[in-house]
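Coordinates from run-v1.txt are shown below (compact mmCIF, C-alpha atoms).
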```txt
# COMPACT_ATOMS: atom_id res chain seq x y z
CA MET L 4 28.14 -46.27 -0.51
CA ARG L 5 31.65 -47.70 -0.42
CA SER L 6 33.65 -45.72 2.10
CA ARG L 7 37.14 -45.47 3.47
CA PRO L 8 37.91 -44.86 7.16
CA PHE L 9 39.26 -41.52 8.25
CA THR L 10 42.66 -41.37 9.93
CA GLY L 11 43.37 -39.71 13.24
CA ASP L 12 44.69 -36.65 11.43
CA ASP L 13 41.41 -35.98 9.65
CA ARG L 14 39.47 -32.88 10.57
CA PRO L 15 36.27 -32.99 12.65
CA LEU L 16 32.68 -32.83 11.51
CA VAL L 17 31.07 -29.76 13.09
CA VAL L 18 27.37 -30.10 13.95
CA LEU L 19 26.03 -26.56 14.11
CA GLY L 20 22.96 -26.01 16.27
CA CYS L 21 23.56 -29.22 18.18
CA VAL L 22 21.10 -28.52 21.03
CA SER L 23 17.54 -29.64 20.30
CA GLU L 24 14.77 -30.08 22.84
CA ALA L 25 12.55 -31.87 20.30
CA GLU L 26 12.59 -35.63 20.77
CA HIS L 27 13.15 -36.31 17.09
CA GLY L 28 15.98 -33.76 17.08
CA ARG L 29 17.70 -35.49 19.97
CA HIS L 30 17.35 -38.80 18.20
CA GLN L 31 18.82 -37.31 15.01
CA LEU L 32 21.84 -36.02 16.94
CA ASP L 33 22.39 -39.48 18.40
CA GLU L 34 22.25 -40.94 14.90
CA ILE L 35 24.68 -38.30 13.63
CA VAL L 36 27.17 -39.16 16.37
CA ALA L 37 26.75 -42.90 15.69
CA ALA L 38 27.28 -42.38 11.95
CA ALA L 39 30.42 -40.35 12.59
CA ALA L 40 31.77 -43.14 14.80
CA ARG L 41 31.10 -45.75 12.10
CA LEU L 42 33.02 -43.63 9.60
CA GLY L 43 35.89 -42.81 11.95
CA VAL L 44 35.03 -39.10 12.02
CA THR L 45 35.17 -36.95 15.17
CA PRO L 46 31.93 -34.94 15.65
CA VAL L 47 32.01 -31.62 17.49
CA GLY L 48 28.80 -29.83 18.48
CA VAL L 49 28.57 -26.05 18.18
CA ASP L 50 25.81 -23.85 19.55
CA SER L 51 25.37 -20.63 21.50
CA ALA L 52 26.70 -20.58 25.05
CA PRO L 53 23.17 -20.08 26.50
CA ALA L 54 21.83 -23.03 24.47
CA LEU L 55 24.65 -25.28 25.63
CA ARG L 56 24.09 -24.26 29.28
CA SER L 57 20.33 -24.83 29.06
CA ALA L 58 20.47 -28.29 27.45
CA THR L 59 18.25 -30.58 29.50
CA ARG L 60 20.22 -33.73 28.74
CA PRO L 61 23.95 -34.50 28.46
CA LEU L 62 25.01 -34.11 24.84
CA PRO L 63 26.69 -37.16 23.23
CA LEU L 64 29.63 -35.23 21.77
CA ARG L 65 32.21 -32.60 22.61
CA THR L 66 30.75 -29.09 22.37
CA VAL L 67 32.12 -25.61 21.68
CA PRO L 68 30.21 -22.32 22.15
CA ALA L 69 30.00 -19.85 19.26
CA PRO L 70 28.07 -16.64 18.48
CA VAL L 71 25.41 -18.19 16.25
CA ASP L 72 23.79 -14.80 15.64
CA SER L 73 26.80 -13.72 13.56
CA ILE L 74 28.11 -15.46 10.44
CA SER L 75 31.59 -14.00 10.78
CA GLY L 76 31.78 -14.60 14.53
CA CYS L 77 30.50 -18.15 14.20
CA ALA L 78 32.89 -18.87 11.32
CA SER L 79 35.83 -17.54 13.33
CA ALA L 80 35.00 -19.78 16.29
CA ILE L 81 34.56 -22.84 14.07
CA ALA L 82 37.72 -22.10 12.06
CA GLU L 83 39.78 -22.81 15.17
CA LEU L 84 38.50 -26.41 15.02
CA ARG L 85 39.85 -26.87 11.47
CA PRO L 86 36.67 -28.68 10.39
CA GLY L 87 36.35 -31.06 7.48
CA ALA L 88 32.73 -29.98 7.09
CA VAL L 89 30.01 -28.01 8.87
CA VAL L 90 26.50 -29.50 8.92
CA ALA L 91 23.13 -28.69 10.45
CA TYR L 92 20.12 -30.93 10.99
CA ARG L 93 17.77 -28.25 12.37
CA GLU L 94 15.89 -25.83 10.12
CA ASP L 95 16.98 -22.77 12.10
CA TYR L 96 20.65 -23.52 11.45
CA VAL L 97 20.74 -24.73 7.85
CA ARG L 98 21.32 -21.27 6.35
CA LEU L 99 23.97 -20.42 8.94
CA ALA L 100 25.79 -23.69 8.27
CA SER L 101 25.84 -22.96 4.53
CA SER L 102 27.22 -19.46 5.11
CA VAL L 103 29.89 -20.71 7.51
CA SER L 104 30.86 -23.44 5.05
CA GLU L 105 31.21 -20.88 2.28
CA THR L 106 33.33 -18.65 4.51
CA LEU L 107 35.63 -21.48 5.54
CA GLY L 108 35.78 -23.16 2.14
CA THR L 109 34.36 -26.47 3.38
CA PRO L 110 31.92 -28.51 1.25
CA GLY L 111 28.22 -27.76 1.50
CA ASN L 112 25.22 -26.20 -0.20
CA SER L 113 25.53 -22.55 -1.20
CA PRO L 114 23.76 -19.92 0.92
CA GLU L 115 21.87 -18.93 -2.22
CA SER L 116 20.35 -22.39 -2.71
CA VAL L 117 19.38 -22.72 0.95
CA THR L 118 17.85 -19.24 0.98
CA LEU L 119 15.87 -20.07 -2.15
CA LEU L 120 14.31 -23.11 -0.47
CA ASN L 121 13.62 -21.11 2.69
CA ARG L 122 11.70 -18.38 0.86
CA LYS L 123 8.54 -20.15 -0.19
CA ASP L 124 7.51 -17.57 -2.79
CA GLU L 125 10.89 -17.62 -4.57
CA PHE L 126 10.97 -21.41 -4.70
CA ARG L 127 7.44 -21.41 -6.13
CA ASP L 128 8.59 -18.95 -8.81
CA LEU L 129 11.55 -21.19 -9.70
CA LEU L 130 9.31 -24.26 -10.01
CA ARG L 131 6.74 -22.39 -12.06
CA GLY L 132 9.43 -21.07 -14.40
CA ALA L 133 10.76 -24.61 -14.85
CA GLY L 134 7.37 -25.80 -16.05
CA PHE L 135 6.11 -27.49 -12.88
CA ARG L 136 2.46 -27.01 -12.03
CA GLN L 137 2.23 -24.54 -9.15
CA PRO L 138 -0.58 -22.66 -7.42
CA ALA L 139 -0.82 -18.94 -8.03
CA SER L 140 1.06 -17.23 -5.20
CA HIS L 141 2.21 -13.80 -4.13
CA LEU L 142 4.48 -12.25 -1.51
CA VAL L 143 2.35 -9.77 0.41
CA ARG L 144 3.97 -6.74 2.02
CA SER L 145 0.93 -4.46 2.32
CA HIS L 146 -2.87 -4.44 2.35
CA SER L 147 -2.85 -3.17 -1.23
CA ASP L 148 -0.69 -6.16 -2.26
CA LEU L 149 -3.29 -8.49 -0.79
CA THR L 150 -6.17 -6.67 -2.47
CA ARG L 151 -4.49 -6.86 -5.88
CA PHE L 152 -3.96 -10.62 -5.49
CA LEU L 153 -7.53 -11.29 -4.42
CA ASP L 154 -8.92 -9.15 -7.25
CA ALA L 155 -6.81 -11.03 -9.83
CA THR L 156 -7.76 -14.60 -8.84
CA ASP L 157 -10.97 -16.49 -9.44
CA ARG L 158 -10.22 -19.11 -6.77
CA GLN L 159 -12.41 -19.40 -3.68
CA CYS L 160 -9.90 -20.59 -1.08
CA TRP L 161 -6.35 -19.55 -0.32
CA ILE L 162 -3.53 -20.34 2.06
CA LEU L 163 -1.74 -17.60 3.93
CA LYS L 164 1.50 -18.44 5.74
CA PRO L 165 4.82 -16.94 6.85
CA ARG L 166 7.37 -16.53 4.09
CA ALA L 167 9.98 -18.59 5.93
CA ALA L 168 8.80 -20.86 8.74
CA SER L 169 8.58 -24.52 9.69
CA GLY L 170 6.69 -26.72 12.11
CA SER L 171 3.34 -25.99 10.42
CA SER L 172 3.19 -22.68 12.28
CA GLY L 173 1.20 -19.68 11.14
CA ILE L 174 -0.80 -21.40 8.38
CA HIS L 175 -4.27 -20.01 7.69
CA LEU L 176 -6.97 -21.26 5.33
CA ALA L 177 -9.22 -18.48 4.02
CA CYS L 178 -12.28 -19.12 1.88
CA SER L 179 -13.42 -15.52 1.46
CA PRO L 180 -11.71 -12.14 1.07
CA HIS L 181 -12.88 -11.28 4.58
CA GLU L 182 -11.17 -14.37 6.03
CA ALA L 183 -8.04 -13.62 4.02
CA ARG L 184 -7.82 -10.11 5.45
CA ALA L 185 -8.36 -11.42 8.98
CA ALA L 186 -5.54 -13.94 8.49
CA ALA L 187 -3.33 -11.17 7.09
CA ASP L 188 -3.85 -9.15 10.26
CA ALA L 189 -2.70 -12.14 12.31
CA LEU L 190 0.39 -12.75 10.18
CA GLY L 191 1.73 -9.20 10.15
CA GLU L 192 3.69 -7.30 7.53
CA GLU L 193 5.15 -9.99 5.23
CA PHE L 194 3.62 -13.32 4.25
CA VAL L 195 2.78 -15.52 1.28
CA ILE L 196 -0.72 -16.07 -0.08
CA GLU L 197 -1.40 -18.81 -2.60
CA ASP L 198 -4.27 -20.75 -4.07
CA PHE L 199 -5.43 -23.74 -2.07
CA VAL L 200 -4.09 -27.04 -3.41
CA GLY L 201 -6.38 -30.05 -3.10
CA GLY L 202 -5.39 -33.68 -3.16
CA SER L 203 -3.45 -35.86 -0.75
CA GLU L 204 -0.17 -34.69 0.75
CA TYR L 205 3.09 -36.58 0.65
CA SER L 206 6.78 -35.99 1.10
CA ALA L 207 9.97 -37.40 -0.38
CA GLU L 208 12.92 -38.32 1.85
CA GLY L 209 16.40 -38.74 0.48
CA VAL L 210 19.97 -37.55 0.18
CA VAL L 211 22.16 -36.03 -2.51
CA VAL L 212 24.95 -38.35 -3.70
CA ASP L 213 27.61 -37.22 -6.19
CA GLY L 214 25.53 -34.07 -6.74
CA VAL L 215 22.36 -35.98 -7.67
CA PRO L 216 19.30 -36.03 -5.35
CA GLN L 217 18.35 -39.63 -4.54
CA VAL L 218 14.79 -40.21 -3.35
CA TRP L 219 14.89 -43.10 -0.88
CA ALA L 220 11.18 -43.26 -0.01
CA LEU L 221 7.87 -41.47 -0.37
CA THR L 222 5.81 -40.72 2.73
CA GLU L 223 2.07 -40.12 3.03
CA LYS L 224 0.82 -37.96 5.85
CA THR L 225 -2.21 -36.81 7.78
CA VAL L 226 -2.91 -33.39 9.27
CA ASN L 227 -5.45 -31.90 11.64
CA SER L 228 -7.78 -28.95 11.08
CA LYS L 229 -4.91 -26.53 11.81
CA PHE L 230 -2.71 -28.21 9.16
CA VAL L 231 -0.38 -29.62 11.81
CA GLU L 232 0.98 -33.04 10.85
CA THR L 233 -0.53 -35.84 12.92
CA GLY L 234 0.94 -38.86 11.18
CA HIS L 235 3.35 -40.22 8.59
CA ARG L 236 3.35 -43.60 6.86
CA MET L 237 6.21 -44.99 4.80
CA PRO L 238 6.40 -46.07 2.04
CA ALA L 239 3.43 -44.24 0.58
CA ALA L 240 0.76 -46.35 -1.11
CA VAL L 241 0.98 -44.85 -4.60
CA SER L 242 1.08 -46.43 -8.03
CA PRO L 243 4.44 -47.14 -9.68
CA THR L 244 3.69 -44.47 -12.29
CA THR L 245 2.92 -41.84 -9.66
CA SER L 246 6.00 -42.84 -7.70
CA ARG L 247 8.22 -42.34 -10.76
CA LEU L 248 6.63 -38.97 -11.52
CA ALA L 249 7.07 -37.76 -7.94
CA ARG L 250 10.65 -38.98 -7.60
CA THR L 251 11.66 -37.39 -10.90
CA ALA L 252 9.96 -34.09 -10.09
CA VAL L 253 11.52 -33.88 -6.62
CA SER L 254 15.00 -34.70 -7.85
CA GLU L 255 14.82 -32.22 -10.74
CA SER L 256 13.42 -29.42 -8.57
CA LEU L 257 16.19 -29.76 -6.00
CA SER L 258 18.85 -29.81 -8.71
CA ARG L 259 17.38 -26.66 -10.25
CA ALA L 260 17.48 -25.01 -6.82
CA GLY L 261 21.19 -25.77 -6.60
CA VAL L 262 21.07 -28.38 -3.84
CA ARG L 263 24.31 -30.36 -4.18
CA PHE L 264 24.85 -31.96 -0.78
CA GLY L 265 23.06 -33.64 2.08
CA PRO L 266 19.62 -34.91 3.02
CA PHE L 267 16.36 -33.38 1.90
CA HIS L 268 12.68 -33.40 2.79
CA SER L 269 10.49 -32.33 -0.11
CA GLU L 270 6.70 -31.99 0.11
CA PHE L 271 4.21 -32.56 -2.70
CA TRP L 272 0.57 -33.27 -3.42
CA ILE L 273 -1.07 -35.81 -5.67
CA ASP L 274 -4.06 -34.11 -7.25
CA GLY L 275 -5.79 -36.54 -9.58
CA ASP L 276 -2.98 -37.87 -11.77
CA GLU L 277 -0.73 -34.82 -11.26
CA VAL L 278 2.13 -34.21 -8.85
CA VAL L 279 2.20 -30.68 -7.41
CA LEU L 280 5.45 -29.80 -5.67
CA GLY L 281 5.41 -27.89 -2.40
CA GLU L 282 8.18 -26.58 -0.19
CA ALA L 283 11.50 -28.37 0.26
CA HIS L 284 14.19 -28.41 2.94
CA ALA L 285 17.91 -29.17 2.72
CA ARG L 286 17.90 -31.19 5.94
CA PRO L 287 16.48 -34.46 7.23
CA GLY L 288 12.72 -34.51 7.71
CA GLY L 289 11.48 -34.09 11.27
CA ASP L 290 8.98 -36.24 13.15
CA PHE L 291 11.31 -39.29 13.24
CA LEU L 292 11.10 -39.69 9.47
CA HIS L 293 14.76 -40.71 9.53
CA LEU L 294 13.82 -43.60 11.82
CA LEU L 295 10.98 -44.74 9.55
CA LEU L 296 13.37 -44.48 6.61
CA THR L 297 15.92 -46.76 8.26
CA SER L 298 13.13 -49.24 9.01
CA VAL L 299 11.85 -49.55 5.44
CA THR L 300 15.28 -49.49 3.75
CA GLY L 301 16.67 -52.49 5.60
CA GLY L 302 18.77 -50.48 8.04
CA ALA L 303 20.29 -47.98 5.60
CA SER L 304 21.52 -44.80 7.28
CA LEU L 305 20.79 -41.44 5.69
CA PHE L 306 23.53 -39.96 7.88
CA ASP L 307 26.22 -42.44 6.80
CA THR L 308 25.52 -41.63 3.16
CA TRP L 309 25.40 -37.87 3.84
CA PHE L 310 28.79 -37.73 5.56
CA THR L 311 30.50 -40.21 3.24
CA ASP L 312 29.52 -38.08 0.25
CA LEU L 313 30.15 -34.71 1.91
CA LEU L 314 33.64 -35.63 3.08
CA GLY L 315 34.62 -37.37 -0.16
CA MET L 316 35.04 -40.69 1.59
CA GLY L 317 33.47 -43.02 -0.95
CA VAL L 318 31.76 -43.76 -4.23
CA GLY L 319 28.03 -43.25 -4.57
CA ASP L 320 25.71 -46.28 -4.59
CA PRO L 321 22.14 -46.47 -5.95
CA PRO L 322 19.40 -45.60 -3.46
CA PRO L 323 18.25 -48.53 -1.32
CA GLY L 324 14.98 -50.29 -2.04
CA THR L 325 12.10 -50.38 0.42
CA SER L 326 10.27 -53.23 2.09
CA GLY L 327 7.87 -53.52 4.98
CA SER L 328 6.01 -50.56 6.43
CA ALA L 329 6.54 -48.03 9.23
CA ALA L 330 4.44 -45.23 10.63
CA ILE L 331 4.37 -42.58 13.32
CA GLU L 332 1.33 -40.91 14.87
CA TYR L 333 0.88 -37.73 16.91
CA PRO L 334 -2.76 -38.21 17.99
CA ASP L 335 -4.55 -34.99 18.91
CA SER L 336 -6.68 -37.07 21.27
CA ALA L 337 -3.60 -37.39 23.50
CA ARG L 338 -3.52 -33.64 24.19
CA SER L 339 -6.06 -33.90 27.01
CA ALA L 340 -5.63 -37.58 27.95
CA ASP L 341 -4.25 -38.76 31.29
CA ILE L 342 -1.18 -40.55 29.97
CA ASP L 343 1.93 -40.94 32.09
CA ALA L 344 5.49 -42.01 31.38
CA ASP L 345 4.95 -45.53 32.78
CA MET L 346 2.11 -46.14 30.32
CA VAL L 347 4.28 -45.04 27.42
CA ARG L 348 7.22 -47.16 28.59
CA ALA L 349 4.93 -50.19 28.51
CA LEU L 350 4.61 -49.73 24.74
CA ARG L 351 8.24 -50.78 24.28
CA ASP L 352 7.24 -54.39 24.87
CA LEU L 353 4.73 -54.35 21.99
CA PRO L 354 5.75 -55.99 18.69
CA GLY L 355 7.22 -53.63 16.13
CA HIS L 356 7.82 -50.75 18.54
CA LEU L 357 10.27 -48.19 17.12
CA HIS L 358 9.89 -45.18 19.39
CA SER L 359 7.33 -43.48 21.62
CA GLY L 360 7.27 -40.70 24.13
CA ILE L 361 5.53 -37.77 25.78
CA SER L 362 6.85 -34.31 24.99
CA ALA L 363 8.52 -32.61 27.95
CA THR L 364 7.56 -29.17 26.65
CA ALA L 365 4.02 -29.54 25.22
CA GLU L 366 1.35 -28.42 27.66
CA LYS L 367 -1.78 -30.46 28.27
CA GLY L 368 -4.70 -29.19 26.23
CA ALA L 369 -8.45 -29.01 26.78
CA PRO L 370 -10.72 -31.87 25.64
CA GLY L 371 -11.24 -31.70 21.88
CA GLU L 372 -8.47 -29.15 21.40
CA VAL L 373 -6.12 -29.78 18.48
CA ALA L 374 -2.48 -28.81 18.22
CA GLU L 375 -1.93 -25.51 16.40
CA THR L 376 1.81 -26.04 15.92
CA SER L 377 3.99 -29.13 15.93
CA HIS L 378 5.42 -28.01 19.28
CA GLN L 379 2.03 -28.56 20.95
CA ARG L 380 1.86 -32.26 20.13
CA ARG L 381 2.18 -34.27 23.36
CA LEU L 382 2.55 -37.89 22.27
CA HIS L 383 4.18 -39.82 19.46
CA LEU L 384 3.91 -43.52 18.59
CA ALA L 385 6.14 -45.15 15.97
CA PHE L 386 5.85 -48.79 14.86
CA GLU L 387 6.99 -51.05 12.03
CA ALA L 388 5.54 -54.22 10.49
CA ALA L 389 5.73 -56.36 7.39
CA ASP L 390 2.97 -54.38 5.67
CA ALA L 391 0.67 -51.39 6.07
CA ALA L 392 -2.14 -53.44 7.62
CA GLY L 393 0.29 -54.76 10.22
CA VAL L 394 1.42 -51.26 11.14
CA SER L 395 -2.19 -50.14 11.52
CA ALA L 396 -2.89 -53.06 13.87
CA ARG L 397 0.18 -52.33 15.98
CA LEU L 398 -0.66 -48.65 16.28
CA GLU L 399 -4.20 -49.56 17.33
CA ALA L 400 -2.79 -51.91 19.98
CA ALA L 401 -0.65 -49.06 21.30
CA ARG L 402 -3.60 -46.68 21.40
CA THR L 403 -5.61 -49.30 23.28
CA VAL L 404 -2.89 -49.55 25.95
CA LEU L 405 -3.08 -45.76 26.35
CA GLY L 406 -6.87 -45.56 26.32
CA LEU L 407 -6.94 -43.88 22.90
CA ALA L 408 -8.44 -46.72 20.85
CA GLY L 409 -10.18 -45.67 17.66
CA THR L 410 -8.33 -42.35 17.26
CA SER L 411 -6.00 -43.20 14.37
CA ALA L 412 -4.26 -40.32 12.66
CA CYS L 413 -2.76 -42.47 9.90
CA ALA L 414 -5.74 -44.28 8.41
CA ASP L 415 -5.80 -42.10 5.32
CA PRO L 416 -3.55 -39.42 3.86
CA GLY L 417 -4.85 -35.96 4.62
CA GLU L 418 -5.32 -32.84 2.56
CA ARG L 419 -3.11 -29.97 3.48
CA PRO L 420 -2.87 -26.68 1.65
CA GLY L 421 0.53 -25.81 0.25
```
Starting from the file, give its structure as structure tokens.
Amino acid sequence: MRSRPFTGDDRPLVVLGCVSEAEHGRHQLDEIVAAAARLGVTPVGVDSAPALRSATRPLPLRTVPAPVDSISGCASAIAELRPGAVVAYREDYVRLASSVSETLGTPGNSPESVTLLNRKDEFRDLLRGAGFRQPASHLVRSHSDLTRFLDATDRQCWILKPRAASGSSGIHLACSPHEARAAADALGEEFVIEDFVGGSEYSAEGVVVDGVPQVWALTEKTVNSKFVETGHRMPAAVSPTTSRLARTAVSESLSRAGVRFGPFHSEFWIDGDEVVLGEAHARPGGDFLHLLLTSVTGGASLFDTWFTDLLGMGVGDPPPGTSGSAAIEYPDSARSADIDADMVRALRDLPGHLHSGISATAEKGAPGEVAETSHQRRLHLAFEAADAAGVSARLEAARTVLGLAGTSACADPGERPG
């Protein structure tokens, strides 16, 4: 993207929800600040006063407190900054950022489009109405709702999950009406039930430029028995035909949902020779996917492109090509392992090391215990190489250093219900 520098009189870029305790979130904020500096834009972080006080590391930008539980109150606080744009990179703040942007008249996705993506059942309905293959699904608000759905389907397995959630939390696989009702009791009053989708799971990472969603890369992933993601590999090993089908479907679905700005993370399955779209998010993907993306696109920055387009600073370029391979693992075997910070720091000297670390918040688990949410994952390992085989070898070398040899989470793409 060909850009022009901002002048000193230009208005700041407000990063709403700037405090993240997740390692990938911290890294994303650092990349946001670096991108703003490259473009000559002043970033200002906004979050609640308690969040700013409780941040466990110094934040790399000026910060301002705001009442993030109120659209009008938050908009009033941000209006005093005279922002050029308001952005969010965390799922919990994407809807608020869109509402504040609408209130202030700054560029951004509409609250309606963001809400549509957030409500899994409504997005499914949109995709189904547009002719995309979708599993049968239903928003359940009562036991009778659930009974009617189960009586009307001839499928044997279903997925039950919160209507609006992230981090792979609250997902239940039920392969009998009895299991479905037990999962419903655990989920509470409102949730989505849908037919189980087989096949291998993938995601598309990209950014909207000039109003058109650009898919930069496809990612294949693995999950554990609780459907928590344990690994991502980029670019995905799919045929050129499948790649074209997936990229076209993702781009069209986001356009139909009204997504006009910013990065996206869109999930899908490959079932035989069909692409089945899953949920989508108007934000960068988590789990250091932005770092893998930079690796395989020759150093291209999703954040540079996002801000250049959002602030009207340049002319859109075609999406970058991909080369090489990059992967990240969150091995469940690390939950109970005796791994310390010194062991992880030693990984930085290995060839192809991109990032690694132990979560400061994830508690140590019992032997054989798997993570039930993404927040319970203790260790991540990210490496790059010239090809997929090279990445596999480098990840195995890292696991050997940590005493986790033979526990790959990225050997094959997993199956994860929608």
* Closest to L:Gly275 among L:Ser254, L:Ser203, L:Ser328, L:Asn227, using all atoms listed in the file? ->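 Result for the nearest residue to L:Gly275: L:Ser203.
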* Which polymer residues, protein or nucleic acid, are no farther than 10 Å from (29.5, -35.8, 22.9), counting only C-alpha atoms, as a list in words? ->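 Every polymer residue passing the test: Leu32, Asp33, Val36, Thr45, Pro46, Val47, Gly48, Pro61, Leu62, Pro63, Leu64, Arg65 and Thr66 of chain L.
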* Coordinates-based distance that separates atom CA of L:Met316 from atom CA of L:Cys21 (Å, one decimal) ->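 Distance reported for this atom pair: 23.2 Å.
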* To do: Just give me the residues with any atom within 7 Å of (1.7, -33.6, 17.5), file coordinates, counting all atoms listed in the file, written as an NGL selection string.
  => :L and (232-233 or 333-335 or 374 or 377-383)
Take the selection from the previous step and output its residues with C-alpha atoms, as a PDB file, in the frame of the given file.
```pdb
ATOM      1  CA  GLU L 232       0.980 -33.040  10.850  1.00  0.00           C
ATOM      2  CA  THR L 233      -0.530 -35.840  12.920  1.00  0.00           C
ATOM      3  CA  TYR L 333       0.880 -37.730  16.910  1.00  0.00           C
ATOM      4  CA  PRO L 334      -2.760 -38.210  17.990  1.00  0.00           C
ATOM      5  CA  ASP L 335      -4.550 -34.990  18.910  1.00  0.00           C
ATOM      6  CA  ALA L 374      -2.480 -28.810  18.220  1.00  0.00           C
ATOM      7  CA  SER L 377       3.990 -29.130  15.930  1.00  0.00           C
ATOM      8  CA  HIS L 378       5.420 -28.010  19.280  1.00  0.00           C
ATOM      9  CA  GLN L 379       2.030 -28.560  20.950  1.00  0.00           C
ATOM     10  CA  ARG L 380       1.860 -32.260  20.130  1.00  0.00           C
ATOM     11  CA  ARG L 381       2.180 -34.270  23.360  1.00  0.00           C
ATOM     12  CA  LEU L 382       2.550 -37.890  22.270  1.00  0.00           C
ATOM     13  CA  HIS L 383       4.180 -39.820  19.460  1.00  0.00           C
TER      14      HIS L 383
END
```
* Figure out the distance between atom CA of L:Ala285 and atom CA of L:Val71, please, to one decimal in Å. =>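 Computing it gives 19.0 Å between the two atoms.
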List the spatial neighbours of stretch 81-93 of chain L as a compact mmCIF listing (two decimals) with C-alpha atoms, in the frame of the given file - criterion: any atom at most 9 Å away, all atoms listed in the file, same-chain residues fewer than 5 positions off excluded.
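Heads up, here's the output in result_6.txt:
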```txt
# COMPACT_ATOMS: atom_id res chain seq x y z
CA ASP L 13 41.41 -35.98 9.65
CA ARG L 14 39.47 -32.88 10.57
CA PRO L 15 36.27 -32.99 12.65
CA LEU L 16 32.68 -32.83 11.51
CA VAL L 17 31.07 -29.76 13.09
CA VAL L 18 27.37 -30.10 13.95
CA LEU L 19 26.03 -26.56 14.11
CA GLY L 20 22.96 -26.01 16.27
CA CYS L 21 23.56 -29.22 18.18
CA SER L 23 17.54 -29.64 20.30
CA GLY L 28 15.98 -33.76 17.08
CA GLN L 31 18.82 -37.31 15.01
CA LEU L 32 21.84 -36.02 16.94
CA VAL L 47 32.01 -31.62 17.49
CA VAL L 49 28.57 -26.05 18.18
CA VAL L 67 32.12 -25.61 21.68
CA ALA L 69 30.00 -19.85 19.26
CA GLY L 76 31.78 -14.60 14.53
CA ARG L 98 21.32 -21.27 6.35
CA LEU L 99 23.97 -20.42 8.94
CA ALA L 100 25.79 -23.69 8.27
CA SER L 101 25.84 -22.96 4.53
CA VAL L 103 29.89 -20.71 7.51
CA SER L 104 30.86 -23.44 5.05
CA LEU L 107 35.63 -21.48 5.54
CA GLY L 108 35.78 -23.16 2.14
CA THR L 109 34.36 -26.47 3.38
CA PRO L 110 31.92 -28.51 1.25
CA GLY L 111 28.22 -27.76 1.50
CA GLY L 265 23.06 -33.64 2.08
CA PRO L 266 19.62 -34.91 3.02
CA ALA L 285 17.91 -29.17 2.72
CA ARG L 286 17.90 -31.19 5.94
CA PRO L 287 16.48 -34.46 7.23
CA GLY L 288 12.72 -34.51 7.71
CA GLY L 289 11.48 -34.09 11.27
CA PHE L 310 28.79 -37.73 5.56
CA LEU L 313 30.15 -34.71 1.91
CA LEU L 314 33.64 -35.63 3.08
```
Centre, x/y/z edge lengths, axis-aligned box for stretch 142-153 of chain L with 3 Å per side, as lines of an AutoDock Vina configuration file:
```
center_x = -1.5
center_y = -7.7
center_z = -1.8
size_x = 18.0
size_y = 15.1
size_z = 14.2
```
* Looking at L:Ser395, L:Thr59, L:Thr225, L:Ser339, which one is nearest to L:Gly368, with distances taken over only C-alpha atoms? ->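 Once distances to L:Gly368 are computed over only C-alpha atoms, the minimum belongs to L:Ser339.
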* To do: Name the residues in contact with L:Gly409 at a cut-off of 12 Å, using all atoms listed in the file, excluding same-chain residues fewer than 3 positions from it; report them as number ranges by chain.
  => L: 334, 336, 395-396, 398-406, 412-414
* Asked: Mind pulling up the distance from atom CA of L:Leu119 to atom CA of L:Ala78?
  ->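 Calculated distance between atom CA of L:Ala78 and atom CA of L:Leu119 is 21.7 Å.
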* Which residue, L:Cys178, L:Cys160, L:Ala25, L:Ala139, has the smallest gap to L:Ile361 when you use only C-alpha atoms? ->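 Using only C-alpha atoms, the shortest distance to L:Ile361 belongs to L:Ala25.
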* Hey, which of L:Leu120, L:Ile331, L:Ala340, L:Leu257 ends up closest to L:Glu223? Count all atoms listed in the file. ->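 With all atoms listed in the file as the atom set, the closest residue is L:Ile331.
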* Hey, which of L:Leu384, L:Ala167, L:Met346, L:Ala54 ends up closest to L:Leu142? Count only C-alpha atoms. -> L:Ala167
* Asked: For L:Glu270, which of L:Ser206, L:Thr244, L:Ser304, L:Ser326 is the closest residue, counting only C-alpha atoms?
  -> L:Ser206
